[in-house]
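The next block is query39.pdb, given as PDB, C-alpha atoms.
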ATOM      1  CA  MET A   1    -237.420 173.401  69.110
ATOM      2  CA  ILE A   2    -240.353 171.074  68.426
ATOM      3  CA  ARG A   3    -239.875 168.206  65.960
ATOM      4  CA  THR A   4    -242.219 165.393  64.913
ATOM      5  CA  ALA A   5    -241.826 162.251  62.811
ATOM      6  CA  GLU A   6    -243.902 159.153  62.127
ATOM      7  CA  CYS A   7    -243.297 155.511  61.260
ATOM      8  CA  ILE A   8    -245.602 152.909  59.721
ATOM      9  CA  THR A   9    -245.576 149.109  59.771
ATOM     10  CA  PRO A  10    -244.930 146.777  56.811
ATOM     11  CA  LYS A  11    -248.675 145.949  56.828
ATOM     12  CA  HIS A  12    -249.730 149.524  56.077
ATOM     13  CA  PRO A  13    -251.372 149.521  52.599
ATOM     14  CA  ASP A  14    -248.741 151.823  51.078
ATOM     15  CA  LYS A  15    -245.971 149.645  52.503
ATOM     16  CA  ILE A  16    -247.601 146.493  51.149
ATOM     17  CA  CYS A  17    -247.372 148.096  47.704
ATOM     18  CA  ASP A  18    -243.735 149.110  48.260
ATOM     19  CA  ARG A  19    -242.897 145.572  49.367
ATOM     20  CA  ILE A  20    -244.596 144.004  46.338
ATOM     21  CA  SER A  21    -242.747 146.319  43.945
ATOM     22  CA  ASP A  22    -239.398 145.590  45.594
ATOM     23  CA  ALA A  23    -240.102 141.858  45.765
ATOM     24  CA  ILE A  24    -240.601 141.900  41.992
ATOM     25  CA  LEU A  25    -237.336 143.832  41.618
ATOM     26  CA  ASP A  26    -235.498 141.324  43.823
ATOM     27  CA  GLU A  27    -236.768 138.361  41.814
ATOM     28  CA  CYS A  28    -235.611 139.988  38.589
ATOM     29  CA  LEU A  29    -232.153 140.693  40.048
ATOM     30  CA  ARG A  30    -231.940 137.182  41.508
ATOM     31  CA  GLN A  31    -232.279 135.663  38.022
ATOM     32  CA  ASP A  32    -230.732 138.473  35.981
ATOM     33  CA  PRO A  33    -228.569 141.063  37.792
ATOM     34  CA  ASN A  34    -228.715 143.326  34.740
ATOM     35  CA  SER A  35    -232.495 143.653  34.843
ATOM     36  CA  ARG A  36    -234.078 147.035  34.249
ATOM     37  CA  VAL A  37    -237.097 147.419  36.489
ATOM     38  CA  ALA A  38    -239.575 150.201  37.169
ATOM     39  CA  VAL A  39    -242.643 148.650  38.766
ATOM     40  CA  GLU A  40    -245.560 150.359  40.483
ATOM     41  CA  THR A  41    -248.225 148.642  42.586
ATOM     42  CA  MET A  42    -251.654 149.817  43.648
ATOM     43  CA  GLY A  43    -253.922 147.763  45.838
ATOM     44  CA  GLY A  44    -257.044 147.872  47.916
ATOM     45  CA  HIS A  45    -260.218 145.998  48.781
ATOM     46  CA  GLY A  46    -259.249 142.657  47.263
ATOM     47  CA  LYS A  47    -257.762 144.001  44.037
ATOM     48  CA  ILE A  48    -254.107 144.563  43.143
ATOM     49  CA  TYR A  49    -252.802 146.299  40.029
ATOM     50  CA  VAL A  50    -249.149 145.978  38.994
ATOM     51  CA  THR A  51    -247.813 148.092  36.137
ATOM     52  CA  GLY A  52    -244.503 149.384  34.835
ATOM     53  CA  GLU A  53    -241.544 148.538  32.659
ATOM     54  CA  VAL A  54    -239.287 145.501  32.974
ATOM     55  CA  THR A  55    -236.460 144.440  30.669
ATOM     56  CA  THR A  56    -235.019 141.164  31.941
ATOM     57  CA  ASN A  57    -234.049 137.586  31.138
ATOM     58  CA  THR A  58    -236.245 136.350  33.959
ATOM     59  CA  ASP A  59    -239.059 133.855  34.267
ATOM     60  CA  LEU A  60    -241.183 136.330  36.192
ATOM     61  CA  ASN A  61    -244.272 135.020  37.976
ATOM     62  CA  VAL A  62    -245.829 138.207  39.343
ATOM     63  CA  PRO A  63    -248.957 136.625  40.913
ATOM     64  CA  LYS A  64    -246.783 134.181  42.880
ATOM     65  CA  ILE A  65    -244.616 137.028  44.200
ATOM     66  CA  VAL A  66    -247.663 139.067  45.179
ATOM     67  CA  GLU A  67    -249.206 136.049  46.925
ATOM     68  CA  ARG A  68    -246.071 135.600  49.037
ATOM     69  CA  VAL A  69    -246.045 139.229  50.139
ATOM     70  CA  TYR A  70    -249.803 139.615  50.564
ATOM     71  CA  ASP A  71    -251.296 136.413  51.955
ATOM     72  CA  LYS A  72    -254.994 137.246  51.595
ATOM     73  CA  PRO A  73    -257.373 136.550  48.709
ATOM     74  CA  PHE A  74    -257.040 138.994  45.829
ATOM     75  CA  THR A  75    -257.548 139.443  42.127
ATOM     76  CA  ILE A  76    -254.638 140.852  40.146
ATOM     77  CA  ASP A  77    -254.266 142.895  36.971
ATOM     78  CA  ILE A  78    -250.779 143.013  35.435
ATOM     79  CA  ASN A  79    -249.641 145.549  32.856
ATOM     80  CA  ILE A  80    -245.858 145.254  32.470
ATOM     81  CA  VAL A  81    -244.037 146.190  29.258
ATOM     82  CA  LYS A  82    -240.434 146.493  28.121
ATOM     83  CA  GLN A  83    -238.466 149.633  28.982
ATOM     84  CA  SER A  84    -238.781 152.425  26.449
ATOM     85  CA  ASN A  85    -235.976 152.435  23.880
ATOM     86  CA  PHE A  86    -235.657 156.182  24.378
ATOM     87  CA  ILE A  87    -234.820 155.646  28.054
ATOM     88  CA  ALA A  88    -232.621 152.632  27.320
ATOM     89  CA  GLN A  89    -230.450 154.537  24.845
ATOM     90  CA  GLY A  90    -229.236 156.773  27.677
ATOM     91  CA  VAL A  91    -228.846 154.017  30.258
ATOM     92  CA  ASP A  92    -227.094 151.555  27.935
ATOM     93  CA  THR A  93    -224.126 153.922  27.697
ATOM     94  CA  GLY A  94    -223.834 154.174  31.477
ATOM     95  CA  GLY A  95    -225.887 157.319  31.924
ATOM     96  CA  ALA A  96    -228.434 158.090  34.620
ATOM     97  CA  GLY A  97    -231.898 156.634  34.073
ATOM     98  CA  ASP A  98    -233.553 159.946  34.870
ATOM     99  CA  GLN A  99    -232.891 163.473  36.014
ATOM    100  CA  GLY A 100    -233.379 164.329  39.667
ATOM    101  CA  ILE A 101    -232.124 165.731  42.937
ATOM    102  CA  MET A 102    -231.021 163.465  45.787
ATOM    103  CA  VAL A 103    -230.388 164.369  49.414
ATOM    104  CA  GLY A 104    -228.230 162.381  51.829
ATOM    105  CA  TYR A 105    -228.192 163.028  55.557
ATOM    106  CA  ALA A 106    -226.503 161.802  58.725
ATOM    107  CA  CYS A 107    -226.374 163.111  62.281
ATOM    108  CA  ASN A 108    -224.902 162.076  65.632
ATOM    109  CA  GLU A 109    -228.191 161.932  67.556
ATOM    110  CA  ASN A 110    -228.353 158.118  67.793
ATOM    111  CA  LYS A 111    -226.613 154.948  66.600
ATOM    112  CA  ASP A 112    -228.599 154.900  63.338
ATOM    113  CA  MET A 113    -227.453 158.447  62.491
ATOM    114  CA  ILE A 114    -230.972 159.614  61.605
ATOM    115  CA  PRO A 115    -233.071 162.375  63.199
ATOM    116  CA  GLN A 116    -233.958 161.449  66.767
ATOM    117  CA  GLU A 117    -237.702 161.920  66.283
ATOM    118  CA  LEU A 118    -237.700 159.408  63.417
ATOM    119  CA  TYR A 119    -235.417 157.039  65.303
ATOM    120  CA  LEU A 120    -237.785 156.967  68.290
ATOM    121  CA  ALA A 121    -240.935 156.648  66.166
ATOM    122  CA  ARG A 122    -239.352 153.697  64.337
ATOM    123  CA  GLN A 123    -238.166 151.980  67.519
ATOM    124  CA  LEU A 124    -241.606 152.266  69.104
ATOM    125  CA  CYS A 125    -243.321 151.077  65.939
ATOM    126  CA  LYS A 126    -241.091 147.994  65.803
ATOM    127  CA  LYS A 127    -241.738 147.330  69.497
ATOM    128  CA  ILE A 128    -245.513 147.385  69.123
ATOM    129  CA  TYR A 129    -245.334 145.388  65.873
ATOM    130  CA  LYS A 130    -243.755 142.483  67.746
ATOM    131  CA  PHE A 131    -246.994 142.145  69.723
ATOM    132  CA  TYR A 132    -249.438 143.305  67.036
ATOM    133  CA  PRO A 133    -248.018 142.504  63.548
ATOM    134  CA  TYR A 134    -250.688 144.367  61.631
ATOM    135  CA  ASP A 135    -251.357 147.720  60.032
ATOM    136  CA  GLY A 136    -250.220 150.518  62.324
ATOM    137  CA  LYS A 137    -248.519 153.861  62.848
ATOM    138  CA  THR A 138    -246.542 155.674  65.503
ATOM    139  CA  GLN A 139    -245.654 159.335  65.852
ATOM    140  CA  ILE A 140    -243.237 161.055  68.210
ATOM    141  CA  THR A 141    -243.010 164.763  69.020
ATOM    142  CA  LEU A 142    -239.881 166.105  70.714
ATOM    143  CA  ASP A 143    -239.568 169.449  72.496
ATOM    144  CA  ASP A 144    -235.901 170.422  72.883
ATOM    145  CA  GLY A 145    -234.975 166.757  72.562
ATOM    146  CA  GLU A 146    -237.420 165.480  75.182
ATOM    147  CA  ILE A 147    -240.477 163.417  74.298
ATOM    148  CA  LYS A 148    -243.562 165.607  74.438
ATOM    149  CA  THR A 149    -246.211 163.528  72.642
ATOM    150  CA  VAL A 150    -246.573 159.882  71.623
ATOM    151  CA  VAL A 151    -249.232 158.718  69.158
ATOM    152  CA  ALA A 152    -249.898 155.081  68.275
ATOM    153  CA  SER A 153    -252.704 153.634  66.171
ATOM    154  CA  PHE A 154    -252.613 149.866  65.625
ATOM    155  CA  GLN A 155    -255.027 147.379  64.134
ATOM    156  CA  ASN A 156    -256.291 144.702  66.563
ATOM    157  CA  ALA A 157    -254.502 146.382  69.491
ATOM    158  CA  PRO A 158    -256.678 147.495  72.444
ATOM    159  CA  LYS A 159    -255.955 150.997  73.675
ATOM    160  CA  GLU A 160    -255.004 149.754  77.146
ATOM    161  CA  ALA A 161    -252.470 147.283  75.705
ATOM    162  CA  LEU A 162    -250.861 150.015  73.608
ATOM    163  CA  GLU A 163    -250.614 152.302  76.620
ATOM    164  CA  GLN A 164    -248.854 149.580  78.603
ATOM    165  CA  ILE A 165    -246.339 148.880  75.805
ATOM    166  CA  ILE A 166    -245.597 152.595  75.418
ATOM    167  CA  THR A 167    -245.188 153.142  79.161
ATOM    168  CA  GLU A 168    -242.745 150.242  79.400
ATOM    169  CA  TRP A 169    -240.891 151.468  76.294
ATOM    170  CA  LEU A 170    -240.492 154.971  77.705
ATOM    171  CA  ASP A 171    -238.866 153.417  80.792
ATOM    172  CA  TYR A 172    -239.176 156.568  82.861
ATOM    173  CA  ASN A 173    -241.768 158.788  84.485
ATOM    174  CA  VAL A 174    -244.444 159.545  81.893
ATOM    175  CA  ASP A 175    -245.770 162.579  83.745
ATOM    176  CA  GLY A 176    -246.078 165.480  81.330
ATOM    177  CA  ILE A 177    -246.023 163.261  78.216
ATOM    178  CA  GLU A 178    -249.187 163.195  76.111
ATOM    179  CA  ILE A 179    -250.006 159.654  75.004
ATOM    180  CA  HIS A 180    -252.674 159.089  72.364
ATOM    181  CA  CYS A 181    -253.460 155.433  71.652
ATOM    182  CA  ASN A 182    -256.023 154.649  68.950
ATOM    183  CA  PRO A 183    -257.365 158.207  69.360
ATOM    184  CA  ALA A 184    -260.249 157.527  66.945
ATOM    185  CA  GLY A 185    -261.121 154.309  68.803
ATOM    186  CA  ASP A 186    -259.933 150.701  68.629
ATOM    187  CA  TRP A 187    -260.050 149.194  65.145
ATOM    188  CA  SER A 188    -259.856 145.734  63.579
ATOM    189  CA  GLN A 189    -260.064 146.463  59.838
ATOM    190  CA  GLY A 190    -256.726 147.496  58.315
ATOM    191  CA  GLY A 191    -254.392 147.105  55.354
ATOM    192  CA  PHE A 192    -256.042 146.650  51.955
ATOM    193  CA  ASP A 193    -259.318 145.774  53.721
ATOM    194  CA  ALA A 194    -259.621 149.343  54.993
ATOM    195  CA  ASP A 195    -257.713 151.532  52.567
ATOM    196  CA  ALA A 196    -255.951 151.667  49.217
ATOM    197  CA  GLY A 197    -252.177 151.746  48.878
ATOM    198  CA  VAL A 198    -249.734 152.942  46.228
ATOM    199  CA  THR A 199    -245.993 152.427  45.731
ATOM    200  CA  GLY A 200    -243.907 155.445  46.667
ATOM    201  CA  ARG A 201    -246.509 157.310  48.709
ATOM    202  CA  LYS A 202    -244.535 157.338  51.977
ATOM    203  CA  LEU A 203    -241.450 159.220  50.804
ATOM    204  CA  VAL A 204    -240.790 161.113  54.037
ATOM    205  CA  VAL A 205    -241.026 157.939  56.128
ATOM    206  CA  ASP A 206    -238.730 156.198  53.629
ATOM    207  CA  ASN A 207    -236.184 159.003  53.959
ATOM    208  CA  TYR A 208    -235.384 160.943  57.147
ATOM    209  CA  GLY A 209    -238.667 162.354  58.407
ATOM    210  CA  PRO A 210    -239.942 165.896  57.783
ATOM    211  CA  ARG A 211    -236.885 167.679  59.208
ATOM    212  CA  VAL A 212    -234.706 166.810  56.196
ATOM    213  CA  PRO A 213    -235.581 167.834  52.602
ATOM    214  CA  ILE A 214    -235.991 165.103  50.001
ATOM    215  CA  GLY A 215    -235.447 165.152  46.253
ATOM    216  CA  GLY A 216    -238.933 163.851  45.523
ATOM    217  CA  GLY A 217    -238.199 160.546  43.795
ATOM    218  CA  ALA A 218    -239.593 157.294  45.186
ATOM    219  CA  PHE A 219    -237.347 154.273  45.748
ATOM    220  CA  SER A 220    -239.327 151.025  45.674
ATOM    221  CA  GLY A 221    -239.694 149.018  42.487
ATOM    222  CA  LYS A 222    -236.757 150.709  40.743
ATOM    223  CA  ASP A 223    -233.454 149.135  39.759
ATOM    224  CA  SER A 224    -230.285 151.087  40.421
ATOM    225  CA  SER A 225    -229.993 152.694  37.002
ATOM    226  CA  LYS A 226    -232.640 155.021  38.422
ATOM    227  CA  VAL A 227    -230.508 157.531  40.297
ATOM    228  CA  ASP A 228    -233.419 158.767  42.388
ATOM    229  CA  ARG A 229    -232.832 155.525  44.277
ATOM    230  CA  SER A 230    -229.154 154.645  43.829
ATOM    231  CA  ALA A 231    -227.803 158.184  44.155
ATOM    232  CA  ALA A 232    -229.955 158.788  47.239
ATOM    233  CA  TYR A 233    -228.291 155.730  48.767
ATOM    234  CA  MET A 234    -224.872 157.000  47.734
ATOM    235  CA  ALA A 235    -225.600 160.435  49.177
ATOM    236  CA  ARG A 236    -226.405 158.741  52.480
ATOM    237  CA  ARG A 237    -223.171 156.722  52.299
ATOM    238  CA  ILE A 238    -221.170 159.906  51.779
ATOM    239  CA  ALA A 239    -223.009 161.685  54.592
ATOM    240  CA  VAL A 240    -222.247 158.846  57.005
ATOM    241  CA  ASP A 241    -218.588 158.802  55.963
ATOM    242  CA  LEU A 242    -218.228 162.563  56.391
ATOM    243  CA  LEU A 243    -220.003 162.503  59.751
ATOM    244  CA  LYS A 244    -217.491 159.968  61.055
ATOM    245  CA  ASP A 245    -214.419 161.437  59.367
ATOM    246  CA  HIS A 246    -215.085 164.937  60.689
ATOM    247  CA  ASP A 247    -216.599 163.917  64.046
ATOM    248  CA  ALA A 248    -219.481 166.158  63.001
ATOM    249  CA  GLU A 249    -222.956 166.726  64.397
ATOM    250  CA  GLU A 250    -224.859 166.892  61.110
ATOM    251  CA  VAL A 251    -224.112 166.384  57.408
ATOM    252  CA  TYR A 252    -226.176 167.091  54.289
ATOM    253  CA  VAL A 253    -225.155 165.842  50.842
ATOM    254  CA  TYR A 254    -226.827 167.012  47.630
ATOM    255  CA  LEU A 255    -226.487 165.303  44.232
ATOM    256  CA  ALA A 256    -228.292 166.070  40.975
ATOM    257  CA  TYR A 257    -228.296 164.291  37.613
ATOM    258  CA  ALA A 258    -229.369 164.675  33.980
ATOM    259  CA  ILE A 259    -230.895 161.702  32.180
ATOM    260  CA  GLY A 260    -228.386 159.861  30.003
ATOM    261  CA  TYR A 261    -225.403 161.660  31.538
ATOM    262  CA  ASP A 262    -222.978 159.627  33.650
ATOM    263  CA  LYS A 263    -221.773 162.384  35.990
ATOM    264  CA  PRO A 264    -223.781 164.440  38.486
ATOM    265  CA  VAL A 265    -224.510 168.021  37.536
ATOM    266  CA  GLN A 266    -224.347 169.027  41.208
ATOM    267  CA  THR A 267    -222.347 167.684  44.141
ATOM    268  CA  SER A 268    -222.186 169.440  47.478
ATOM    269  CA  ALA A 269    -221.706 168.511  51.100
ATOM    270  CA  ILE A 270    -222.553 170.645  54.104
ATOM    271  CA  ILE A 271    -220.885 169.683  57.393
ATOM    272  CA  ASP A 272    -222.227 171.410  60.495
ATOM    273  CA  GLY A 273    -223.479 174.275  58.334
ATOM    274  CA  LYS A 274    -220.305 174.713  56.269
ATOM    275  CA  ASP A 275    -220.186 173.836  52.565
ATOM    276  CA  VAL A 276    -217.040 171.731  52.020
ATOM    277  CA  GLY A 277    -217.258 171.673  48.222
ATOM    278  CA  VAL A 278    -215.962 168.807  46.094
ATOM    279  CA  ILE A 279    -216.956 165.212  46.870
ATOM    280  CA  ASN A 280    -214.261 162.712  45.842
ATOM    281  CA  TYR A 281    -216.334 159.609  45.063
ATOM    282  CA  ASP A 282    -217.162 157.784  41.840
ATOM    283  CA  LEU A 283    -220.684 159.115  41.381
ATOM    284  CA  SER A 284    -221.415 157.620  37.977
ATOM    285  CA  PRO A 285    -224.408 155.258  38.060
ATOM    286  CA  ILE A 286    -222.098 152.291  37.392
ATOM    287  CA  GLY A 287    -219.682 153.450  40.089
ATOM    288  CA  ILE A 288    -222.493 153.733  42.632
ATOM    289  CA  VAL A 289    -223.824 150.283  41.767
ATOM    290  CA  ASN A 290    -220.383 148.732  42.204
ATOM    291  CA  THR A 291    -219.602 150.604  45.423
ATOM    292  CA  LEU A 292    -222.869 149.660  47.134
ATOM    293  CA  GLY A 293    -223.496 146.256  45.556
ATOM    294  CA  LEU A 294    -226.825 147.321  44.098
ATOM    295  CA  LYS A 295    -227.233 144.433  41.649
ATOM    296  CA  GLU A 296    -227.871 142.090  44.559
ATOM    297  CA  PRO A 297    -231.488 141.161  45.397
ATOM    298  CA  LYS A 298    -231.847 142.924  48.770
ATOM    299  CA  PHE A 299    -234.450 145.604  48.266
ATOM    300  CA  GLU A 300    -237.641 144.111  49.713
ATOM    301  CA  LYS A 301    -236.191 144.630  53.193
ATOM    302  CA  THR A 302    -235.697 148.326  52.497
ATOM    303  CA  ALA A 303    -239.432 148.678  51.936
ATOM    304  CA  GLU A 304    -240.290 147.480  55.440
ATOM    305  CA  TRP A 305    -238.850 149.996  57.926
ATOM    306  CA  GLY A 306    -237.173 152.748  55.931
ATOM    307  CA  HIS A 307    -234.160 152.920  53.671
ATOM    308  CA  PHE A 308    -231.651 154.542  56.040
ATOM    309  CA  GLY A 309    -230.290 153.577  59.428
ATOM    310  CA  ASN A 310    -231.268 149.932  59.118
ATOM    311  CA  GLY A 311    -227.888 148.299  58.510
ATOM    312  CA  PHE A 312    -227.730 148.467  54.727
ATOM    313  CA  THR A 313    -224.426 148.933  52.884
ATOM    314  CA  TRP A 314    -225.129 152.636  52.422
ATOM    315  CA  GLY A 315    -225.765 153.185  56.140
TER     316      GLY A 315
END
Take the structure in this file and express it as structure tokens.
Amino acid sequence: MIRTAECITPKHPDKICDRISDAILDECLRQDPNSRVAVETMGGHGKIYVTGEVTTNTDLNVPKIVERVYDKPFTIDINIVKQSNFIAQGVDTGGAGDQGIMVGYACNENKDMIPQELYLARQLCKKIYKFYPYDGKTQITLDDGEIKTVVASFQNAPKEALEQIITEWLDYNVDGIEIHCNPAGDWSQGGFDADAGVTGRKLVVDNYGPRVPIGGGAFSGKDSSKVDRSAAYMARRIAVDLLKDHDAEEVYVYLAYAIGYDKPVQTSAIIDGKDVGVINYDLSPIGIVNTLGLKEPKFEKTAEWGHFGNGFTWG
């Protein structure tokens, strides 16, 4: 079986936008843990646009936050308003902030309990980023669990240097492994200087790679009343728990919600291909927030290297 996954660095333009949106969320939660936040960022070529809805008792200085995350000259346009009363009337009573489907996953293929192809792509990306902390991507293809192809494209990194890092990282005979470093040629223009970015455009990288289905909702810039974030984290927590409790190989967890309703309309867990039925957790939005500590300002870190398998409270 052939499987492929990619990873991108925190300096990729889409990740810069994710980090800005989550940095704004963190600042709101730092000053007011009950903040309602739904912030989107778009940036590129010296201009950054921040829009969305924020209801908070916070002295929010958006340009200062953006400047900390993105340390190059830019002009900024801000369009932030208060959360719609029609959304708030459902959330104020403890209901979900939106409808949606969330998928949690865990497997026994590595210590992070994520698909091996994503695990390897992330580890290599982090390795190269230590030497070249710029815009970049990695991609790993496995054939029956063995590395078949490695792709790495990094700003300011000469092809020969990338090849050396990859060879050392592989730590075994590279014969038979295709290695493509900067396949379009070496490059020095990256990030917002080369391309535009948007919050929530790297959903598969944020989740588990292309092997595992996703519900479709983005995470960054959203407080935990938005179940497309908080319930996805809870689904991962349940999947990790079930994987360990049952000494399983692979677990899928599916949750679905209706806006304004405080209980999921679907809960199911599949352990090694078998549906085990009822999930005995408090899956109300408030219950999830309390279980995972989601009113704490800790979300900017999630926007850097993926939301699962990086030591967060949900696993």
Of the listed residues A:Asp143, A:Asp272, A:Asp262, A:Asp171, that which approaches Ile288 in chain A most closely, counting only C-alpha atoms:
A:Asp262
Counting only C-alpha atoms, find residues at most 12 Å from (-226.9, 156.3, 58.1) (file frame) and give them as a VMD selection string.
chain A and resid 104 to 115 119 207 to 208 232 to 244 250 to 252 306 to 315
Atom-to-atom span, CA of Tyr254 in chain A and CA of Met102 in chain A, Å
5.8 Å
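Among A:Asp77, A:Glu146, A:Asp195, A:Asp22, the residue with the shortest atom-to-atom distance to Lys298 in chain A, counting all atoms listed in the file, is A:Asp22.
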With distances taken over all atoms listed in the file, which residue among A:Ile166, A:Leu294, A:Val174, A:Val253 lies nearest Val276 in chain A?
A:Val253
For range 177-190 of chain A, please output as a ChimeraX atom specification all residues within 9 Å (counting only C-alpha atoms; exclusion window: fewer than 3 positions along the same chain).
/A:11-13,134-136,147-160,162-163,166,173-174,193-195
